[in-house]
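Participant: Handing you a structure now.
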Amino acid sequence: MKRVFLIVLDSAGIGEAPDAEKFGDAGTHTFKAISTSPYFKINNLKKAGIGNIEGQDFLGKEEKPYAAVARLQERSMGKDTTIGHWEIAGVYSPEPLPTYPNGFPKEVLDEFSKATGRGVLCNLPYSGTEVINDYGDEHVKTGSLIVYTSADSVFQIAAHESIVPCETLYEYCRMARKILTGKHAVGRVIARPFIGESGNYKRTANRHDFSLEPRSKTVLDSIKDSGKDVIAVGKITDIFAGVGITKTIFTHGNTEGMAVTSDIQKEDFNGLCFVNLVDYDMLYGHRRDVEGYAKAMTEFDEWLGGFVDKMLDDDALIITADHGCDPSYTKTTDHTREYTPMILIGKKIKPVNLGTRSTFADIAATVADMLDVKIDTIGKSFLEEVL
């Protein structure tokens with residue numbers, strides 16, 4: 001293969017993982033939840049064979065699928081974006097990243113306040129939309145930063161763009177990233193700018209993530225070190241802290257991400273185009289919006305048909321997810337521990353069903369094989385089974 005497109009439908013899980021109960025997520029199924037919506041139409045994904053993946057009987061079987069499919073189980077101990085993407089890229093994380101169900105310790109916040117010269121508000125796990133409504137007025141009045149977390153390993157900083165310009169907020173995040181090391185090395189520090197007036201605050205698309213560097217080399221490093229291209233679309237560069245990337249294109253949402261990917265398809269590159277489509281998670285999963293999630297999946301499916309039609313002989317397209325975020329699950333608004341889909345499309349690919357695979361890292365091993373590079377990973381390539 002010359003070009004591999006790897007698209008992560010952020011949070012598009014396909015059913016509770018065997019250890020879901022351990023994570024408080026028994027019975028969750030993101031795809032099944034959105035399939036109940038009248039806005040859910042995925043004809044192209046069905047033709048590819050997504051309904052043939054183990055556990056997806058509710059979608060109907062495709063007699064003559066055109067893609068290879070599998071169900072992937074996450075082996076790492078987490079259900080967050082960082083650990084999920086790292087495992088897709090070949091890194092196994094046996095220990096979870098630190099989380100803060102009671103907020104961050106005083107020593108962390110004192111050091112952060114000293115660095116920024118600003119106070120701190122909230123310091124609790126919180127919904128991103130609710131936290132700005134509850135603390136926005138005090139933030140605007142005092143200039144103190146809204147710091148909050150979730151069930152994930154994140155240190156989030158919300159600030160009104162008229163009080164703290166985005167570039168200043170990003171600098172505060174860099175300060176936090178330097179502070180949050182050792183036992184407090186959270187997966188991501190996230191800038192959460194917002195705008196609006198009291199009672200009508202809303203987050204903007206100027207979010208920016210500041211991630212830990214991966215714990216070991218990824219398939220991105222292997223591809224880059226071989227002299228090939230690694231093009232990152234969306235928040236991929238943020239997730240990997242810029243490591244192993246040769247070109248970055250930041251996007252504001254799914255629609256722009258798909259448009260950018262279509263543009264890259266017209267380019268003569270040699271390597272990997274790694275795409276994250278974040279809206280499923282950020283706009284619909286966490287906000288428990290089944291209809292919005294379904295509409296977004298339908299939009300992707302409509303785009304997919306045109307993209308596949310334009311694929312070249314030496315192209316491969318892998319569609320997957322990094323975790324679940326069941327929009328019908330009401331116990332929490334957090335991610336859900338689920339299996340993820342793997343759909344592999346290409347003119348050289350046989351439409352075989354690979355069953356259930358034991359790690360997301362099988363994708364990394366397979367991409368390495370496709371591009372003829374070496375990687376040390378727990379994953380096992382399935383390329384020979386699908387050629």
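Just so we're on the same page: first chain in the structure tokens is A, next is B, and so on; residues restart at 1 for each chain, and ligands are numbered from 1 in the order they show up.
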Determine which residues of range 91-243 of chain A receive a DSSP assignment of helix (DSSP H, G or I), computed from the backbone, and state them as an MDAnalysis selection string.
Facilitator: chainID A and resid 106:116 128:142 166:179 182:184 219:225 236:239
Participant: Fewer than 3 positions away in the same chain doesn't count, so skip those; otherwise give me all residues within 9 Å of Cys122 in chain A, counting only C-alpha atoms, as a list in words.
Facilitator: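 Counting only C-alpha atoms, the residues come to Gly103, Pro125, Tyr126, Val131, Tyr135, Leu145, Ile146, Val147 and Tyr148 of chain A.
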Participant: Please write the residues from the selection above to a file, keeping all heavy atoms, as a CSV table (one decimal), in the first residue's frame.
Facilitator:
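In the end it all went to out35.csv:
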chain,number,residue,atom,x,y,z
A,103,GLY,N,-11.6,16.3,42.7
A,103,GLY,CA,-10.9,17.5,42.3
A,103,GLY,C,-9.4,17.4,42.5
A,103,GLY,O,-8.9,16.4,43.1
A,125,PRO,N,-15.3,17.4,39.2
A,125,PRO,CA,-15.8,16.8,37.9
A,125,PRO,C,-17.1,17.5,37.6
A,125,PRO,O,-18.0,17.7,38.4
A,125,PRO,CB,-16.0,15.3,38.3
A,125,PRO,CG,-15.3,15.1,39.6
A,125,PRO,CD,-15.2,16.4,40.3
A,126,TYR,N,-17.2,17.8,36.3
A,126,TYR,CA,-18.3,18.7,35.9
A,126,TYR,C,-18.6,18.5,34.4
A,126,TYR,O,-17.7,18.2,33.6
A,126,TYR,CB,-18.0,20.1,36.1
A,126,TYR,CG,-19.0,20.9,36.9
A,126,TYR,CD1,-18.9,21.1,38.3
A,126,TYR,CD2,-20.2,21.4,36.3
A,126,TYR,CE1,-19.8,21.8,39.1
A,126,TYR,CE2,-21.1,22.2,37.1
A,126,TYR,CZ,-20.9,22.4,38.4
A,126,TYR,OH,-21.8,23.1,39.2
A,131,VAL,N,-20.7,23.7,33.6
A,131,VAL,CA,-19.7,24.4,34.5
A,131,VAL,C,-19.6,25.9,34.1
A,131,VAL,O,-19.4,26.7,34.9
A,131,VAL,CB,-18.3,23.7,34.4
A,131,VAL,CG1,-17.6,24.0,33.1
A,131,VAL,CG2,-17.5,24.0,35.6
A,135,TYR,N,-20.4,28.7,36.8
A,135,TYR,CA,-19.3,29.5,37.3
A,135,TYR,C,-18.9,30.6,36.3
A,135,TYR,O,-18.0,31.4,36.6
A,135,TYR,CB,-18.1,28.6,37.5
A,135,TYR,CG,-18.2,27.6,38.6
A,135,TYR,CD1,-18.7,26.3,38.4
A,135,TYR,CD2,-17.8,28.0,39.9
A,135,TYR,CE1,-18.9,25.5,39.4
A,135,TYR,CE2,-17.9,27.1,40.9
A,135,TYR,CZ,-18.5,25.8,40.7
A,135,TYR,OH,-18.6,24.9,41.8
A,145,LEU,N,-9.9,31.4,36.9
A,145,LEU,CA,-10.0,30.4,35.9
A,145,LEU,C,-10.9,29.3,36.4
A,145,LEU,O,-10.8,28.9,37.5
A,145,LEU,CB,-8.7,29.9,35.4
A,145,LEU,CG,-7.7,30.9,34.9
A,145,LEU,CD1,-6.3,30.3,34.8
A,145,LEU,CD2,-8.2,31.4,33.5
A,146,ILE,N,-11.8,28.8,35.5
A,146,ILE,CA,-12.7,27.6,35.8
A,146,ILE,C,-11.9,26.4,35.5
A,146,ILE,O,-11.6,26.1,34.4
A,146,ILE,CB,-14.0,27.7,35.0
A,146,ILE,CG1,-14.7,29.0,35.2
A,146,ILE,CG2,-14.8,26.5,35.4
A,146,ILE,CD1,-15.9,29.2,34.3
A,147,VAL,N,-11.5,25.7,36.6
A,147,VAL,CA,-10.7,24.4,36.4
A,147,VAL,C,-11.7,23.3,36.8
A,147,VAL,O,-12.3,23.3,37.9
A,147,VAL,CB,-9.5,24.4,37.3
A,147,VAL,CG1,-8.8,23.0,37.3
A,147,VAL,CG2,-8.5,25.5,36.8
A,148,TYR,N,-11.8,22.3,36.0
A,148,TYR,CA,-12.7,21.1,36.2
A,148,TYR,C,-12.1,19.9,35.6
A,148,TYR,O,-11.2,19.9,34.8
A,148,TYR,CB,-14.1,21.4,35.8
A,148,TYR,CG,-14.3,21.6,34.3
A,148,TYR,CD1,-14.9,20.6,33.6
A,148,TYR,CD2,-13.9,22.7,33.6
A,148,TYR,CE1,-15.1,20.7,32.2
A,148,TYR,CE2,-14.1,22.9,32.3
A,148,TYR,CZ,-14.7,21.9,31.6
A,148,TYR,OH,-14.9,22.0,30.2
Participant: For a quick check of understanding, using only C-alpha atoms, which of A:Thr142, A:Thr298, A:Gln156, A:Ser226 has the smallest distance to Pro38 in chain A?
Facilitator: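 That would be A:Thr298, the residue with the smallest distance to Pro38 in chain A.
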Participant: Give me, as a list of chain:residue names, all polymer residues having an atom no more than 12 Å from Glu138 in chain A, counting only C-alpha atoms and skipping those fewer than 2 positions away in the same chain.
Facilitator: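 Selected residues are A:Gly119, A:Val120, A:Leu121, A:Cys122, A:Val131, A:Ile132, A:Asn133, A:Asp134, A:Tyr135, A:Gly136, A:Val140, A:Lys141, A:Thr142, A:Gly143, A:Ser144, A:Leu145, A:Ile146, A:Ala159, A:His160, A:Ile163, A:Ser198.
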Participant: Show me, as a compact mmCIF listing (two decimals) with C-alpha atoms, in the first residue's frame, the residues that have an atom within 8 Å of Ile231 in chain A when counting only C-alpha atoms, minus same-chain residues fewer than 5 positions from it.
Facilitator:
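Saved as around24.txt:
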# COMPACT_ATOMS: atom_id res chain seq x y z
CA ILE A 245 3.72 13.80 12.83
CA THR A 246 5.03 15.35 9.61
CA LYS A 247 2.05 17.60 8.79
CA THR A 248 -0.83 18.92 10.89
CA ILE A 249 -4.20 20.25 9.80
CA LEU A 272 -0.56 7.64 6.69
CA CYS A 273 -3.38 10.17 6.92
CA PHE A 274 -4.70 9.89 10.51
Participant: Write out as a PyMOL selection string the residues lying within 8 Å of range 200-214 of chain A, counting only C-alpha atoms and excluding same-chain residues fewer than 6 positions away.
Facilitator: chain A and resi 82+86+91+129+132-133+136+166+170+173-174+177+185-194+235+238-241+243+252-253
Participant: Have a look at A:Ser381, A:Ser113, A:Thr333, A:Asn270 and name the one nearest to Leu354 in chain A; count only C-alpha atoms.
Facilitator: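 Comparing A:Ser381, A:Ser113, A:Thr333, A:Asn270 against Leu354 in chain A, the winner is A:Ser381.
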Participant: So, with only C-alpha atoms as the atoms that count, which of A:Thr366, A:Gln73, A:Thr218, A:Asn44 lies closest to Glu385 in chain A?
Facilitator: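 Closest to Glu385 in chain A of all the choices is A:Thr366.
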Participant: Leaving out range 311-313 of chain A and any residue of its chain fewer than 2 positions from it, which residues lie within 12 Å of it when counting only C-alpha atoms, given as a compact mmCIF listing (two decimals) with N, CA, C and O atoms, in the first residue's frame?
Facilitator:
# COMPACT_ATOMS: atom_id res chain seq x y z
N MET A 1 0.84 -1.19 0.00
CA MET A 1 0.00 0.00 0.00
C MET A 1 0.88 1.25 0.00
O MET A 1 1.94 1.27 0.62
N LYS A 2 0.40 2.27 -0.67
CA LYS A 2 1.13 3.54 -0.67
C LYS A 2 0.51 4.53 0.30
O LYS A 2 1.21 5.25 1.01
N ARG A 3 -0.82 4.56 0.34
CA ARG A 3 -1.51 5.52 1.20
C ARG A 3 -2.51 4.78 2.10
O ARG A 3 -3.31 3.97 1.61
N VAL A 4 -2.46 5.08 3.39
CA VAL A 4 -3.42 4.53 4.34
C VAL A 4 -4.16 5.70 5.00
O VAL A 4 -3.53 6.62 5.53
N PHE A 5 -5.47 5.66 4.95
CA PHE A 5 -6.32 6.63 5.64
C PHE A 5 -6.91 5.92 6.86
O PHE A 5 -7.58 4.89 6.73
N THR A 261 -10.03 15.76 4.61
CA THR A 261 -9.61 14.41 4.23
C THR A 261 -9.84 14.18 2.73
O THR A 261 -9.00 13.55 2.05
N SER A 262 -10.92 14.70 2.20
CA SER A 262 -11.17 14.60 0.76
C SER A 262 -10.11 15.36 -0.02
O SER A 262 -9.66 14.92 -1.09
N ILE A 264 -7.00 15.89 0.98
CA ILE A 264 -5.75 15.13 1.09
C ILE A 264 -5.77 13.94 0.15
O ILE A 264 -4.74 13.53 -0.40
N GLN A 265 -6.95 13.37 -0.08
CA GLN A 265 -7.08 12.24 -1.01
C GLN A 265 -6.59 12.61 -2.41
O GLN A 265 -6.15 11.75 -3.17
N LYS A 266 -6.64 13.88 -2.74
CA LYS A 266 -6.20 14.35 -4.07
C LYS A 266 -4.68 14.53 -4.14
O LYS A 266 -4.13 14.73 -5.22
N GLU A 267 -4.01 14.46 -2.98
CA GLU A 267 -2.57 14.68 -2.93
C GLU A 267 -1.80 13.38 -3.18
O GLU A 267 -2.28 12.29 -2.87
N ASP A 268 -0.59 13.52 -3.68
CA ASP A 268 0.27 12.37 -3.95
C ASP A 268 1.22 12.19 -2.77
O ASP A 268 2.39 12.53 -2.84
N LEU A 304 -18.83 9.11 3.01
CA LEU A 304 -18.02 7.91 2.80
C LEU A 304 -18.16 7.35 1.39
O LEU A 304 -17.17 6.94 0.78
N GLY A 305 -19.38 7.33 0.86
CA GLY A 305 -19.60 6.77 -0.47
C GLY A 305 -18.74 7.45 -1.52
O GLY A 305 -18.09 6.79 -2.35
N GLY A 306 -18.70 8.77 -1.50
CA GLY A 306 -17.89 9.51 -2.47
C GLY A 306 -16.41 9.30 -2.26
O GLY A 306 -15.64 9.21 -3.24
N PHE A 307 -15.98 9.19 -1.01
CA PHE A 307 -14.56 8.98 -0.73
C PHE A 307 -14.10 7.62 -1.25
O PHE A 307 -13.05 7.50 -1.89
N VAL A 308 -14.89 6.58 -1.00
CA VAL A 308 -14.53 5.23 -1.44
C VAL A 308 -14.46 5.17 -2.96
O VAL A 308 -13.56 4.53 -3.53
N ASP A 309 -15.36 5.84 -3.63
CA ASP A 309 -15.37 5.83 -5.10
C ASP A 309 -14.07 6.39 -5.69
O ASP A 309 -13.67 6.02 -6.79
N ASP A 315 -4.53 2.36 -2.21
CA ASP A 315 -5.08 3.01 -1.02
C ASP A 315 -5.73 1.98 -0.10
O ASP A 315 -6.29 0.97 -0.57
N ALA A 316 -5.70 2.27 1.18
CA ALA A 316 -6.48 1.51 2.17
C ALA A 316 -7.15 2.51 3.11
O ALA A 316 -6.56 3.54 3.46
N LEU A 317 -8.37 2.22 3.50
CA LEU A 317 -9.12 3.05 4.44
C LEU A 317 -9.53 2.19 5.62
O LEU A 317 -10.17 1.14 5.45
N ILE A 345 -11.26 -0.99 4.06
CA ILE A 345 -11.73 -0.88 2.68
C ILE A 345 -10.55 -0.64 1.75
O ILE A 345 -9.65 0.14 2.05
N GLY A 346 -10.55 -1.31 0.61
CA GLY A 346 -9.50 -1.10 -0.39
C GLY A 346 -9.70 -2.04 -1.56
O GLY A 346 -10.31 -3.10 -1.43
N LYS A 347 -9.18 -1.66 -2.70
CA LYS A 347 -9.35 -2.48 -3.89
C LYS A 347 -8.58 -3.79 -3.80
O LYS A 347 -8.89 -4.75 -4.51
N LYS A 348 -7.59 -3.86 -2.91
CA LYS A 348 -6.82 -5.08 -2.71
C LYS A 348 -7.28 -5.88 -1.48
O LYS A 348 -6.65 -6.87 -1.12
N ILE A 349 -8.37 -5.44 -0.88
CA ILE A 349 -8.83 -6.05 0.38
C ILE A 349 -9.98 -7.02 0.14
O ILE A 349 -10.96 -6.68 -0.52
Participant: Looking at only C-alpha atoms, which of A:Ala176, A:Ile319, A:Val8, A:Leu383 is the one that sits closest to Asp279 in chain A?
Facilitator: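 Of A:Ala176, A:Ile319, A:Val8, A:Leu383, the one nearest Asp279 in chain A is A:Val8, counting only C-alpha atoms.
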Participant: If we count only C-alpha atoms, what is near Gly257 in chain A at a cut-off of 9 Å, once residues fewer than 5 positions away on the same chain are taken out, given as a list in words?
Facilitator: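 Once the adjacent positions are removed, what remains is Val233, Gly234, Ile249, Phe250, Thr251, His252, Ser262, Val275, Asn276, Leu277 and Val278 of chain A.
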Participant: For the selection you just gave me, I'd like the residues written to a file as a CSV table (one decimal), in the first residue's frame, keeping all heavy atoms.
Facilitator:
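Final file, result25.csv:
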chain,number,residue,atom,x,y,z
A,233,VAL,N,-5.0,15.0,11.0
A,233,VAL,CA,-6.2,15.8,10.8
A,233,VAL,C,-7.0,15.9,12.0
A,233,VAL,O,-7.3,14.8,12.6
A,233,VAL,CB,-7.0,15.3,9.6
A,233,VAL,CG1,-8.3,16.1,9.4
A,233,VAL,CG2,-6.2,15.3,8.3
A,234,GLY,N,-7.5,17.1,12.4
A,234,GLY,CA,-8.3,17.2,13.6
A,234,GLY,C,-7.4,17.3,14.9
A,234,GLY,O,-6.3,17.9,14.8
A,249,ILE,N,-3.1,19.4,10.2
A,249,ILE,CA,-4.2,20.2,9.8
A,249,ILE,C,-5.3,20.2,10.9
A,249,ILE,O,-6.0,19.2,11.1
A,249,ILE,CB,-4.8,19.8,8.5
A,249,ILE,CG1,-3.7,19.7,7.4
A,249,ILE,CG2,-5.9,20.7,8.0
A,249,ILE,CD1,-4.2,19.1,6.1
A,250,PHE,N,-5.4,21.3,11.7
A,250,PHE,CA,-6.4,21.4,12.7
A,250,PHE,C,-7.8,21.7,12.0
A,250,PHE,O,-7.8,22.4,11.0
A,250,PHE,CB,-6.1,22.5,13.7
A,250,PHE,CG,-4.9,22.1,14.6
A,250,PHE,CD1,-3.7,22.8,14.5
A,250,PHE,CD2,-5.0,21.1,15.5
A,250,PHE,CE1,-2.6,22.5,15.3
A,250,PHE,CE2,-3.9,20.8,16.3
A,250,PHE,CZ,-2.7,21.5,16.2
A,251,THR,N,-8.8,21.1,12.6
A,251,THR,CA,-10.2,21.4,12.0
A,251,THR,C,-11.1,21.8,13.1
A,251,THR,O,-10.9,21.6,14.3
A,251,THR,CB,-10.7,20.1,11.3
A,251,THR,OG1,-10.7,19.0,12.3
A,251,THR,CG2,-9.8,19.7,10.2
A,252,HIS,N,-12.3,22.3,12.7
A,252,HIS,CA,-13.3,22.7,13.6
A,252,HIS,C,-14.5,21.8,13.3
A,252,HIS,O,-15.5,22.2,12.6
A,252,HIS,CB,-13.7,24.2,13.5
A,252,HIS,CG,-12.5,25.1,13.8
A,252,HIS,ND1,-11.6,25.5,12.9
A,252,HIS,CD2,-12.2,25.7,15.0
A,252,HIS,CE1,-10.7,26.3,13.5
A,252,HIS,NE2,-11.0,26.4,14.8
A,262,SER,N,-10.9,14.7,2.2
A,262,SER,CA,-11.2,14.6,0.8
A,262,SER,C,-10.1,15.4,0.0
A,262,SER,O,-9.7,14.9,-1.1
A,262,SER,CB,-12.6,15.2,0.4
A,262,SER,OG,-13.6,14.3,0.9
A,275,VAL,N,-7.0,10.6,11.0
A,275,VAL,CA,-8.1,11.6,11.1
A,275,VAL,C,-8.9,11.3,12.4
A,275,VAL,O,-9.2,10.2,12.6
A,275,VAL,CB,-9.0,11.5,9.9
A,275,VAL,CG1,-10.1,12.6,10.0
A,275,VAL,CG2,-8.2,11.7,8.6
A,276,ASN,N,-9.2,12.4,13.1
A,276,ASN,CA,-10.1,12.2,14.2
A,276,ASN,C,-11.3,13.1,13.9
A,276,ASN,O,-11.2,14.3,13.7
A,276,ASN,CB,-9.5,12.7,15.6
A,276,ASN,CG,-10.5,12.7,16.7
A,276,ASN,OD1,-11.3,13.6,16.9
A,276,ASN,ND2,-10.5,11.6,17.5
A,277,LEU,N,-12.5,12.5,14.0
A,277,LEU,CA,-13.8,13.3,13.9
A,277,LEU,C,-14.4,13.3,15.3
A,277,LEU,O,-15.0,12.4,15.8
A,277,LEU,CB,-14.7,12.6,12.9
A,277,LEU,CG,-14.1,12.4,11.4
A,277,LEU,CD1,-15.1,11.7,10.5
A,277,LEU,CD2,-13.8,13.8,10.9
A,278,VAL,N,-14.3,14.5,15.9
A,278,VAL,CA,-14.5,14.6,17.3
A,278,VAL,C,-16.0,14.9,17.7
A,278,VAL,O,-16.4,14.7,18.8
A,278,VAL,CB,-13.6,15.7,17.9
A,278,VAL,CG1,-14.1,17.1,17.4
A,278,VAL,CG2,-13.6,15.7,19.4
Participant: Please report the interatomic distance between CA of Val260 in chain A and CA of Phe360 in chain A in Å with one decimal.
Facilitator: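 Atom-to-atom, CA of Val260 in chain A and CA of Phe360 in chain A are spaced 25.1 Å apart.
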Participant: Taking the backbone alone, and naming residues the way the document does, which bits of range 82-246 of chain A are strand (DSSP E) by DSSP, as a PyMOL selection string?
Facilitator: chain A and resi 120-125+145-149+154-160+188-197+200-203+208-211+229-233
Participant: In Å, how far is it from CA of Ile50 in chain A to CA of Arg71 in chain A?
Facilitator: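 About the pair CA of Ile50 in chain A and CA of Arg71 in chain A: they are 9.6 Å apart.
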Participant: Mind pulling up the distance from CA of Ala12 in chain A to CA of Lys228 in chain A?
Facilitator: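 Atom-to-atom, CA of Lys228 in chain A to CA of Ala12 in chain A, that is 29.1 Å.
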Participant: Between A:Leu124, A:Asp80, A:Leu72, A:Gly242, single out the one closest to Asp281 in chain A, counting only C-alpha atoms.
Facilitator: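 With only C-alpha atoms as the atom set, the closest residue is A:Asp80.
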